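Have a look at the structure below, then the notes.
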Amino acid sequence: MDCDTYHELIVADLDDTLSPSERETVRAHLEDCGVCRNARALEAEFLTHLRRVPRLIETPSAVQERLRVALRRETMAAPPRARPRLLAVLAALCLLGALAVALWSPSGVDYLGSVADDYRLAAASRLPLDVTTGDANALARYFHTSRRFGFPPPVSDLRVFGYRLVGGAIRERRGVVFAVIVYERDGEIVVCHRFHEVAGRTPRDTALRRYERSGDVGTWITRRAGVVSCLTGRLPPEELERLVNMIA
């Protein structure tokens with residue numbers, strides 16, 4: 001098995017979902033592989049940090065204002081003796097409203113908007129790249145040595161489809177670190193984003209591969225071994241899916 005496969009097992013080991021034999025296989029590999037030992041240490045540190053950070057979800061200001069208006073209206077309309085009971089009921093409704101917003105609103109970073117924005121910048125040759133290189137291994141080393149990820153972001157070689165690697169960058173939005181990888185073929189740009197699913201607090205429905213569209217820009221989203229990969233471009237969905245099969 002290669003290190004990418006072992007990384008999946010490392011994540012599962014930290015989640016305590018491996019069988020005893022699989023755990024022994026991982027431990028034996030870690031004894032001989034410094035890269036995977038470092039990856040495991042980063043992953044463990046990352047998960048420890050996340051468990052310490054409280055997850056706060058703020059109710060949108062528009063919802064807050066509607067609740068205040070309803071509270072004032074109903075309070076003024078109620079008879080004086082009924083107001084204490086009414087206030088208790090409305091307080092409970094406010095709490096339920098806040099919980100509903102928290103449960104139904106996507107939390108974390110708007111990663112679909114972010115990847116579409118980065119794609120449009122790259123297509124206009126205006127996306128700043130930290131590293132300009134056609135060497136996938138060199139870019140992967142840059143991501144790995146940055147020590148800003150909870151996983152070693154892989155860089156796929158798409159030359160079999162005629163796409164050359166242009167370069168990559170590290171971007172951070174609201175505490176989530178993205179690996180951004182840009183490819184080009186005959187002037188056509190595709191951009192790959194990778195980030196840790198826990199850091200991005202991705203909705204659980206991204207467990208399944210899916211396609212999203214924003215205007216003339218499409219994005220295939222996949223999740224594997226705790227890593228979310230987004231491939232964005234103006235290609236037909238089936239062609240973009242063929243490429244995402246290579247990077248997922």
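Naming scheme: A, B, ... for chains in displayed order of the structure tokens; residues 1 onward per chain; ligands 1 onward as shown.
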* To do: Would you mind writing down, as a ChimeraX atom specification, each residue of region 125-174 of chain A that DSSP on the backbone assigns to strand (DSSP E)?
  => /A:131-132,164-173
Considering only C-alpha atoms, return as a PDB file with N, CA and C atoms, in the first residue's frame whatever protein or nucleic-acid residues lie within 6 Å of His193 (chain A), sequence-local ones (same chain, fewer than 6 positions apart) excluded.
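Wrote selection.pdb, looks like this:
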```pdb
ATOM      1  N   ALA A 179      -5.972  23.777   0.248  1.00  0.00           N
ATOM      2  CA  ALA A 179      -4.928  23.585  -0.757  1.00  0.00           C
ATOM      3  C   ALA A 179      -5.563  23.848  -2.120  1.00  0.00           C
ATOM      4  N   VAL A 180      -5.020  24.801  -2.868  1.00  0.00           N
ATOM      5  CA  VAL A 180      -5.572  25.190  -4.165  1.00  0.00           C
ATOM      6  C   VAL A 180      -4.586  24.768  -5.252  1.00  0.00           C
ATOM      7  N   SER A 229     -12.590  17.121  -1.573  1.00  0.00           N
ATOM      8  CA  SER A 229     -11.955  17.591  -2.804  1.00  0.00           C
ATOM      9  C   SER A 229     -13.024  18.200  -3.700  1.00  0.00           C
ATOM     10  N   CYS A 230     -12.749  19.385  -4.209  1.00  0.00           N
ATOM     11  CA  CYS A 230     -13.662  20.075  -5.126  1.00  0.00           C
ATOM     12  C   CYS A 230     -12.907  20.347  -6.420  1.00  0.00           C
TER      13      CYS A 230
END
```
* Contacts of Arg148 (chain A) at 10 Å or less, counting only C-alpha atoms, minus same-chain residues fewer than 2 places along, as a PyMOL selection string? -> chain A and resi 42+46+143-146+150-152+170+172+176-179
* To do: May I have the residues within 9 Å of region 242-244 of chain A as a list in words, using only C-alpha atoms and disregarding those fewer than 4 positions away in the same chain?
  =>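 Listing them by chain and then by number gives Leu158, Phe161, Cys192, Trp220, Ile221, Thr222, Ser229, Cys230, Leu231, Pro237, Glu238 and Ala248 of chain A.
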* **Which residue of A:Gly168, A:Pro20, A:Gly218, A:Gly34 approaches Ala122 (chain A) most closely, using only C-alpha atoms** =>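 Ranking A:Gly168, A:Pro20, A:Gly218, A:Gly34 by distance to Ala122 (chain A), first place goes to A:Gly168.
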Considering only C-alpha atoms, give me a table of residues in region 214-246 of chain A that are at most 10 Å from region 2-18 of chain A, with the closest atom pair and distance in Å for each, as CSV.
```
residue,atom,partner,partner_atom,distance
A:Arg224,CA,A:Glu8,CA,8.1
A:Ala225,CA,A:Glu8,CA,5.1
A:Gly226,CA,A:Val11,CA,7.5
A:Val227,CA,A:Glu8,CA,9.5
```
Go ahead and dump the residues you just picked, N, CA and C atoms, as an mmCIF file, in the first residue's frame.
```cif
data_model
loop_
_atom_site.group_PDB
_atom_site.id
_atom_site.type_symbol
_atom_site.label_atom_id
_atom_site.label_comp_id
_atom_site.auth_asym_id
_atom_site.auth_seq_id
_atom_site.Cartn_x
_atom_site.Cartn_y
_atom_site.Cartn_z
ATOM 1 N N ARG A 224 -13.304 11.771 0.830
ATOM 2 C CA ARG A 224 -12.658 10.477 1.033
ATOM 3 C C ARG A 224 -11.671 10.595 2.186
ATOM 4 N N ALA A 225 -11.805 9.685 3.137
ATOM 5 C CA ALA A 225 -10.886 9.612 4.279
ATOM 6 C C ALA A 225 -10.778 10.950 4.999
ATOM 7 N N GLY A 226 -11.929 11.651 5.131
ATOM 8 C CA GLY A 226 -11.936 12.896 5.879
ATOM 9 C C GLY A 226 -11.460 14.111 5.105
ATOM 10 N N VAL A 227 -11.159 13.937 3.820
ATOM 11 C CA VAL A 227 -10.688 15.055 2.996
ATOM 12 C C VAL A 227 -11.729 15.357 1.930
#
```
* Asked: Any idea what the distance is between CA of Pro153 (chain A) and CA of Asp216 (chain A)?
  -> 27.5 Å
* Which of these residues is nearest to Arg174 (chain A), using only C-alpha atoms: A:Ala41, A:Tyr111, A:Met246, A:Ser214? ->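 Among the listed residues, A:Tyr111 lies closest to Arg174 (chain A).
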* To do: Select, from A:His196, A:Arg40, A:Arg147, A:Arg164, the residue with the minimum atom-to-atom distance to Ile181 (chain A), counting only C-alpha atoms.
  =>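 The answer is A:Arg164, which sits nearest to Ile181 (chain A).
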* Leaving out Ala138 (chain A) and any residue of its chain fewer than 6 positions from it, which residues lie within 10 Å of it when counting only C-alpha atoms, given as a PyMOL selection string? -> chain A and resi 131-132+144+155+167
* To do: Identify which of the residues A:Val191, A:Leu235, A:Ala169, A:Cys36 lies closest to Ala140 (chain A), counting only C-alpha atoms when measuring atom-to-atom distances.
  =>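 The closest residue to Ala140 (chain A) is A:Ala169.
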